[in-house]
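Worksheet: the structure to be examined is printed underneath.
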There are 2 protein chains.
Amino acid sequence: MTDFAATKAMFDLPAGVLYLDGNSLGPLPKAAVARVGDMMRQEWGEMLITGWNKAGWMGMPTNLGDRIGGLIGAEPGSVVVGDTLSIKVYQAVASALDLSKGRRVVLSDTGNFPSDLYMVEGLLRSLNAGYELRVVEPAAVADSITDEIAVLMLTEVDYRTGRMHDMKKLSQQARAQGVITVWDLAHSAGAIPVDLAGCNADFAVGCTYKYLNGGPGAPAFIYVAPRLAASVRPALSGWLGHETPFAFDLNYRPGAGIERMRVGTPPVIQMASLAAALDIWDMTTMSDIRARSIELTEMFVALIEETCPQLTLASPRDPHKRGSQVSFRFEDGYAAMQALIARGVIGDFRAPDIMRFGFTPLYIDEDDVRQAAAIVSEIMQTRAWDRPEFKIRQKVT
Amino acid sequence: MTDFAATKAMFDLPAGVLYLDGNSLGPLPKAAVARVGDMMRQEWGEMLITGWNKAGWMGMPTNLGDRIGGLIGAEPGSVVVGDTLSIKVYQAVASALDLSKGRRVVLSDTGNFPSDLYMVEGLLRSLNAGYELRVVEPAAVADSITDEIAVLMLTEVDYRTGRMHDMKKLSQQARAQGVITVWDLAHSAGAIPVDLAGCNADFAVGCTYKYLNGGPGAPAFIYVAPRLAASVRPALSGWLGHETPFAFDLNYRPGAGIERMRVGTPPVIQMASLAAALDIWDMTTMSDIRARSIELTEMFVALIEETCPQLTLASPRDPHKRGSQVSFRFEDGYAAMQALIARGVIGDFRAPDIMRFGFTPLYIDEDDVRQAAAIVSEIMQTRAWDRPEFKIRQKVT
């Protein structure tokens with residue numbers, strides 16, 4: 001069994017803060033500052049350009065990819081790190097469409113993260129070949145998977161409510177209809193067990209700054225099923241995805257397997273921070289994380305429902321149907337979240353009325369849950385949120 | 001006049017190394033480690049998710065963009081930082097093609113960096129609409145600009161030889177033929193004066209890890225002429241390029257001006273390093289840099305030609321026709337460069353026979369040039385490169 005006191009001790013958490021927003025940006029691993037400093041001084045500073053080989057920078061995207069792959073049930077050599085999640089969505093869907101010639105519909109749902117839909121919208125407009133992005137309600141996805149669909153693109157865990165799609169079942173259904181799947185694991189990787197290989201998923205993408213704690217702007221990752229990797233023709237055909245990048249040929253030839261999903265120069269400083277963050281995952285397993293996450297979210301839901309009748313649970317009540325977050329609807333949710341943040345309980349708000357709380361067993365324990373719930377109750381009972389300064393909308397993330 | 005001893009003192013340069021490869025990866029600015037450490041501890045660690053607003057992370061891509069803009073003659077508000085150079089090339093060419101409906105040819109040259117050609121190759125294949133990538137010899141570019149051309153995409157300074165295109169003249173010629181220009185400034189930004197606004201350039205892209213010293217994997221930048229920015233329909237339509245990213249609308253609406261060229265979450269840790277590096281540019285001007293660069297390259301060429309008859313100048317002899325690097329052809333250039341690196345003179349090799357030396361006035365002075373030239377002479381005169389261990393090819397960058 002994981003020693004969660006030990007994992008919590010690996011993070012620098014500010015005093016007086018109950019951080020329930022690790023689903024948006026994970027906190028600072030204590031080892032990350034030194035790791036990044038060492039990389040900058042000893043590798044960049046000392047090795048200069050030779051760091052690409054000597055310090056192994058060039059291999060980091062696949063090395064880190066394999067470590068993330070271990071958390072999401074991916075085969076070795078099937079995941080590579082780089083770019084942003086939006087770029088990886090584009091890359092995955094473009095590749096999937098290229099493989100599914102003839103069909104013209106990308107199916108997604110209203111629970112998908114908007115950027116995923118935006119990227120596909122831009123892609124399909126560019127392709128200008130009669131493609132359609134069909135966006136249905138989450139509950140209607142299963143019935144919409146027909147042999148007309150080229151690509152099914154879904155985020156497994158809804159960013160607002162935490163509702164989970166049944167990845168195994170939907171992937172199976174898609175496969176039976178000849179539909180290629182692209183799964184966004186932004187709120188899955190490090191939050192819930194994922195079994196990409198077991199689900200026969202085709203493509204998956206995700207980010208590393210949420211549950212994986214890689215830091216603000218940490219790179220994304222992409223998974224391509226090994227059975228497909230050799231057939232993928234990358235739309236974003238960059239030199240580090242070339243078979244022989246340093247031959248400087250004028251024509252592109254895709255690299256072997258997942259290497260071809262690399263594009264440009266990888267962000268070495270961000271990757272050093274991510275590497276330090278991933279070390280913490282060696283102290284636990286996804287099944288321990290999941291069991292603990294369910295305990296924590298169940299406890300929070302019970303405490304809030306007992307004391308805050310104004311808040312309505314927006315997440316599925318069955319913990320097996322939600323990810324590692326709990327959301328409540330409240331008309332003045334924006335102001336209430338500002339009031340909570342002022343009291344040190346950091347969750348976030350998602351329009352129009354969602355108060356979102358993430359539970360991350362690596363560094364959140366029962367005491368944190370009890371304290372956070374007590375502060376939520378107090379804010380709601382005293383209407384402490386009903387003050388003008390909490391209602392001024394800023395850009396929020 | 002710039003105090004170049006003072007700028008040199010801003011860098012951590014390893015003892016015993018003469019670093020003539022800042023055109024590939026700039027060295028570590030002394031302030032960068034502390035800046036990154038402070039950002040990680042005081043911003044990420046303390047502010048957590050609120051750092052996006054409180055620490056100004058969200059504004060960094062345009063703030064840094066404006067600072068880079070000042071070095072390349074761009075109008076304020078016309079440059080944004082993010083992604084990699086390959087992605088920015090894709091974004092620029094896709095946008096340019098969208099603006100130039102009807103025409104079907106992208107013109108480039110064999111002196112372009114291969115990744116730029118690869119990205120366009122992948123883009124045109126995806127578009128599948130009869131587009132052609134026409135790659136001519138550098139000397140043939142001017143005569144190939146006709147009204148059949150949709151987009152002229154060139155790297156201003158040849159990465160192998162340092163040969164410069166006449167950006168002003170070619171841009172004018174393109175404009176007269178209704179051709180949209182995309183300039184890659186990878187070897188220009190921080191190396192030579194660039195006047196994007198004065199040239200009436202349409203798009204430009206570049207990286208920040210070469211002459212700008214942002215660090216390995218530092219983000220790229222993109223410029224869109226203000227007269228075009230409002231008409232650009234981004235192909236890579238990500239949420240941070242949306243008019244109101246945090247409204248989480250299901251449909252994409254491009255943000256104002258250059259903001260629409262943002263895609264996903266920006267790399268905050270890399271940007272902190274880049275910010276520290278850009279501070280050094282406040283101590284100089286591009287005209288001082290250029291004058292000094294010409295002095296240094298002229299000196300190096302004279303010393304090498306005097307003592308190394310085996311080496312043939314591959315760069316233009318006229319310093320006004322080359323960037324801030326000098327290249328020599330030598331049949332055993334790979335081995336010779338390995339021998340030089342073993343002696344502390346770091347340049348690089350580019351297939352098939354180019355030995356490349358970058359001169360970066362911020363931290364390279366006359367003494368360095370004299371010492372480096374003396375070591376090159378010695379290596380060539382003693383045939384010190386003619387040893388088996390220098391001939392084993394590794395991945396080089």
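Convention: chains lettered A, B, ... in structure tokens order; per-chain residue numbering from 1; ligands numbered from 1 as shown.
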Mind listing as a tab-separated table (two decimals) with C-alpha atoms, in the first residue's frame which residues of chain A are within 7 Å of chain B, counting only C-alpha atoms?
```tsv
chain	number	residue	atom	x	y	z
A	12	ASP	CA	6.15	22.15	-1.58
A	13	LEU	CA	2.66	23.21	-0.54
A	14	PRO	CA	2.24	26.78	0.70
A	25	LEU	CA	-2.14	22.84	-12.30
A	27	PRO	CA	1.85	21.86	-7.25
A	28	LEU	CA	5.64	22.13	-7.15
A	33	VAL	CA	13.75	23.30	-8.59
A	37	GLY	CA	18.81	24.18	-11.73
A	40	MET	CA	20.59	24.36	-16.54
A	44	TRP	CA	23.13	23.54	-20.65
A	45	GLY	CA	25.86	25.62	-18.98
A	46	GLU	CA	28.69	23.07	-19.18
A	48	LEU	CA	26.25	23.56	-24.29
A	49	ILE	CA	25.19	22.14	-27.67
A	83	ASP	CA	4.24	20.38	-27.87
A	84	THR	CA	0.95	21.29	-26.23
A	85	LEU	CA	-2.21	19.25	-25.83
A	86	SER	CA	-3.96	21.30	-28.52
A	114	PRO	CA	-13.49	23.32	-26.05
A	115	SER	CA	-9.90	23.58	-27.31
A	117	LEU	CA	-13.24	21.08	-30.65
A	118	TYR	CA	-11.56	24.31	-31.80
A	119	MET	CA	-8.51	22.45	-33.08
A	122	GLY	CA	-9.66	24.58	-37.70
A	123	LEU	CA	-8.34	21.33	-39.13
A	126	SER	CA	-8.39	23.78	-43.69
A	127	LEU	CA	-9.01	20.38	-45.24
A	216	PRO	CA	2.97	25.41	-15.81
A	217	GLY	CA	3.23	24.85	-19.54
A	218	ALA	CA	4.67	21.34	-19.18
A	234	PRO	CA	2.15	12.80	-39.86
A	235	ALA	CA	0.47	16.04	-40.91
A	236	LEU	CA	2.86	17.90	-38.63
A	237	SER	CA	5.93	16.46	-40.28
A	238	GLY	CA	8.78	18.11	-38.43
A	239	TRP	CA	12.46	17.35	-38.57
A	246	PHE	CA	20.59	15.13	-39.10
A	247	ALA	CA	21.01	14.06	-42.68
A	248	PHE	CA	19.17	17.31	-43.55
A	249	ASP	CA	17.47	15.73	-46.54
A	250	LEU	CA	15.16	18.04	-48.42
A	251	ASN	CA	12.33	15.49	-48.33
A	252	TYR	CA	10.46	14.12	-45.37
A	263	VAL	CA	7.83	17.68	-34.45
A	264	GLY	CA	10.32	20.40	-33.43
A	265	THR	CA	12.93	20.91	-30.72
A	266	PRO	CA	11.63	19.59	-27.39
A	267	PRO	CA	11.43	21.88	-24.32
A	268	VAL	CA	14.37	20.56	-22.32
A	269	ILE	CA	13.93	22.82	-19.27
A	270	GLN	CA	10.24	21.93	-18.93
A	351	ALA	CA	-18.79	28.75	-16.56
A	395	LYS	CA	-9.54	36.06	-16.59
A	396	VAL	CA	-9.52	32.78	-14.71
A	397	THR	CA	-7.87	29.54	-15.56
```
(request) Pick out the residues sitting within 7 Å of segment 104-106 of chain A, and hand them over as a PyMOL selection string; count only C-alpha atoms, and ignore anything fewer than 6 positions along from it in its own chain. (result) chain A and resi 130-134+148-152
(request) List the neighbours of Ile280 of chain A out to 7 Å using only C-alpha atoms; skip same-chain residues closer than 3 positions along the sequence, and give me the result as a list in words. (result)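 Surrounding residues, per the criterion: Thr7, Ala277 and Met283 of chain A.
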(message) Report as number ranges by chain all protein, DNA and RNA residues lying within 8 Å of Ser188 of chain A, evaluated on only C-alpha atoms, omitting residues in the same chain fewer than 4 positions from it.
(response) A: 156-157, 192-194, 323
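Among A:Gln310, A:Thr285, A:Ser377, A:Ser324, the residue with the shortest atom-to-atom distance to Phe4 of chain A, counting only C-alpha atoms, is A:Thr285.
Note that the spacing between atom CA of Ala336 of chain A and atom CA of Tyr159 of chain A amounts to 19.2 Å.
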(message) If DSSP is run on the backbone, what residues of segment 265-387 of chain B are helix (DSSP H, G or I)? A reply as a PyMOL selection string would be ideal.
(response) chain B and resi 268-283+286-307+319-321+333-342+366-381
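Using only C-alpha atoms, the smallest distance between any of A:Arg35, A:Arg292, A:Arg329, A:Arg227 and Phe357 of chain A comes from A:Arg329.
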(request) Any chance you could list, as number ranges by chain, the residues in segment 91-327 of chain A that come up strand (DSSP E) when DSSP is run on the backbone? (result) A: 105-109, 132-136, 149-155, 180-184, 203-207, 220-224, 312-313, 325-327
Using only N, CA and C atoms, please write the residues we just selected to a file, as a JSON list (two decimals), in the first residue's frame.
```
[["chain", "number", "residue", "atom", "x", "y", "z"],
["A", 105, "VAL", "N", -16.96, 12.26, -41.10],
["A", 105, "VAL", "CA", -17.50, 12.84, -39.86],
["A", 105, "VAL", "C", -16.58, 12.57, -38.68],
["A", 106, "VAL", "N", -16.27, 13.64, -37.94],
["A", 106, "VAL", "CA", -15.59, 13.51, -36.65],
["A", 106, "VAL", "C", -16.67, 13.67, -35.58],
["A", 107, "LEU", "N", -16.82, 12.65, -34.75],
["A", 107, "LEU", "CA", -17.84, 12.68, -33.71],
["A", 107, "LEU", "C", -17.20, 13.07, -32.38],
["A", 108, "SER", "N", -17.82, 14.04, -31.70],
["A", 108, "SER", "CA", -17.36, 14.39, -30.36],
["A", 108, "SER", "C", -18.58, 14.77, -29.54],
["A", 109, "ASP", "N", -18.34, 15.27, -28.32],
["A", 109, "ASP", "CA", -19.50, 15.63, -27.49],
["A", 109, "ASP", "C", -19.31, 16.98, -26.81],
["A", 132, "GLU", "N", -17.28, 17.00, -41.49],
["A", 132, "GLU", "CA", -18.23, 17.54, -40.52],
["A", 132, "GLU", "C", -17.74, 17.20, -39.11],
["A", 133, "LEU", "N", -17.79, 18.19, -38.21],
["A", 133, "LEU", "CA", -17.56, 17.93, -36.79],
["A", 133, "LEU", "C", -18.95, 17.82, -36.16],
["A", 134, "ARG", "N", -19.29, 16.62, -35.71],
["A", 134, "ARG", "CA", -20.62, 16.40, -35.15],
["A", 134, "ARG", "C", -20.50, 16.32, -33.63],
["A", 135, "VAL", "N", -21.11, 17.27, -32.96],
["A", 135, "VAL", "CA", -20.97, 17.37, -31.50],
["A", 135, "VAL", "C", -22.32, 17.04, -30.86],
["A", 136, "VAL", "N", -22.38, 15.92, -30.16],
["A", 136, "VAL", "CA", -23.65, 15.48, -29.55],
["A", 136, "VAL", "C", -23.54, 15.59, -28.03],
["A", 149, "ILE", "N", -19.04, 7.41, -39.33],
["A", 149, "ILE", "CA", -18.07, 8.17, -38.53],
["A", 149, "ILE", "C", -16.64, 7.78, -38.90],
["A", 150, "ALA", "N", -15.80, 8.78, -39.14],
["A", 150, "ALA", "CA", -14.38, 8.52, -39.39],
["A", 150, "ALA", "C", -13.64, 8.39, -38.06],
["A", 151, "VAL", "N", -13.83, 9.39, -37.21],
["A", 151, "VAL", "CA", -13.06, 9.48, -35.97],
["A", 151, "VAL", "C", -13.98, 9.81, -34.80],
["A", 152, "LEU", "N", -13.79, 9.08, -33.72],
["A", 152, "LEU", "CA", -14.48, 9.41, -32.46],
["A", 152, "LEU", "C", -13.46, 10.07, -31.55],
["A", 153, "MET", "N", -13.67, 11.34, -31.23],
["A", 153, "MET", "CA", -12.73, 12.08, -30.37],
["A", 153, "MET", "C", -13.44, 12.49, -29.09],
["A", 154, "LEU", "N", -12.99, 11.93, -27.99],
["A", 154, "LEU", "CA", -13.64, 12.22, -26.71],
["A", 154, "LEU", "C", -12.60, 12.49, -25.63],
["A", 155, "THR", "N", -12.98, 13.34, -24.68],
["A", 155, "THR", "CA", -12.20, 13.45, -23.46],
["A", 155, "THR", "C", -12.84, 12.47, -22.48],
["A", 180, "ILE", "N", -12.07, 5.18, -35.94],
["A", 180, "ILE", "CA", -10.79, 5.36, -35.23],
["A", 180, "ILE", "C", -11.03, 6.24, -34.00],
["A", 181, "THR", "N", -10.43, 5.84, -32.88],
["A", 181, "THR", "CA", -10.65, 6.58, -31.64],
["A", 181, "THR", "C", -9.47, 7.47, -31.28],
["A", 182, "VAL", "N", -9.80, 8.67, -30.79],
["A", 182, "VAL", "CA", -8.80, 9.60, -30.23],
["A", 182, "VAL", "C", -9.30, 9.98, -28.83],
["A", 183, "TRP", "N", -8.57, 9.55, -27.82],
["A", 183, "TRP", "CA", -8.96, 9.82, -26.45],
["A", 183, "TRP", "C", -8.10, 10.91, -25.84],
["A", 184, "ASP", "N", -8.75, 11.91, -25.28],
["A", 184, "ASP", "CA", -8.02, 12.95, -24.54],
["A", 184, "ASP", "C", -8.02, 12.55, -23.06],
["A", 203, "PHE", "N", -5.61, 6.26, -30.82],
["A", 203, "PHE", "CA", -4.77, 7.40, -30.46],
["A", 203, "PHE", "C", -5.19, 7.91, -29.08],
["A", 204, "ALA", "N", -4.25, 8.48, -28.36],
["A", 204, "ALA", "CA", -4.60, 9.19, -27.12],
["A", 204, "ALA", "C", -3.64, 10.35, -26.96],
["A", 205, "VAL", "N", -4.11, 11.37, -26.26],
["A", 205, "VAL", "CA", -3.30, 12.56, -26.00],
["A", 205, "VAL", "C", -3.57, 12.99, -24.57],
["A", 206, "GLY", "N", -2.69, 13.81, -24.04],
["A", 206, "GLY", "CA", -2.93, 14.30, -22.68],
["A", 206, "GLY", "C", -1.92, 15.34, -22.31],
["A", 207, "CYS", "N", -2.09, 15.93, -21.15],
["A", 207, "CYS", "CA", -1.14, 16.95, -20.70],
["A", 207, "CYS", "C", -0.49, 16.48, -19.41],
["A", 220, "ALA", "N", 2.89, 18.21, -23.59],
["A", 220, "ALA", "CA", 1.82, 17.22, -23.73],
["A", 220, "ALA", "C", 2.42, 15.87, -24.12],
["A", 221, "PHE", "N", 1.55, 14.88, -24.31],
["A", 221, "PHE", "CA", 2.01, 13.60, -24.83],
["A", 221, "PHE", "C", 1.01, 13.06, -25.84],
["A", 222, "ILE", "N", 1.49, 12.15, -26.68],
["A", 222, "ILE", "CA", 0.60, 11.48, -27.64],
["A", 222, "ILE", "C", 0.93, 10.00, -27.65],
["A", 223, "TYR", "N", -0.13, 9.22, -27.76],
["A", 223, "TYR", "CA", -0.04, 7.76, -27.87],
["A", 223, "TYR", "C", -0.56, 7.34, -29.23],
["A", 224, "VAL", "N", 0.16, 6.45, -29.89],
["A", 224, "VAL", "CA", -0.36, 5.82, -31.11],
["A", 224, "VAL", "C", -0.24, 4.31, -30.91],
["A", 312, "THR", "N", -25.55, 22.00, -5.42],
["A", 312, "THR", "CA", -26.10, 20.79, -6.04],
["A", 312, "THR", "C", -24.97, 20.01, -6.69],
["A", 313, "LEU", "N", -24.86, 18.77, -6.37],
["A", 313, "LEU", "CA", -23.80, 17.93, -6.95],
["A", 313, "LEU", "C", -23.94, 17.90, -8.47],
["A", 325, "GLN", "N", -12.35, 14.34, -9.42],
["A", 325, "GLN", "CA", -12.81, 15.68, -9.04],
["A", 325, "GLN", "C", -14.28, 15.61, -8.66],
["A", 326, "VAL", "N", -14.72, 16.62, -7.94],
["A", 326, "VAL", "CA", -16.13, 16.73, -7.58],
["A", 326, "VAL", "C", -16.56, 18.15, -7.87],
["A", 327, "SER", "N", -17.69, 18.30, -8.53],
["A", 327, "SER", "CA", -18.17, 19.64, -8.88],
["A", 327, "SER", "C", -19.57, 19.85, -8.33]]
```
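Take atom CA of Val369 of chain A and atom CA of Phe300 of chain A: the distance between them is 6.1 Å.
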(message) Please determine, counting only C-alpha atoms, which residue among A:Met337, A:Ala275, A:Ile375, A:Met355 has the shortest atom-to-atom distance to Ala314 of chain A.
(response) A:Met355
(message) Env of segment 62-70 of chain B: 7 Å cut, atoms = only C-alpha atoms, seq-sep filter 4 positions within chain, self excluded. Answer as a list in words.
(response) Ala74, Glu75, Pro76, Gly77, Val79, Val80, Val81, Phe221 and Ala275 of chain B
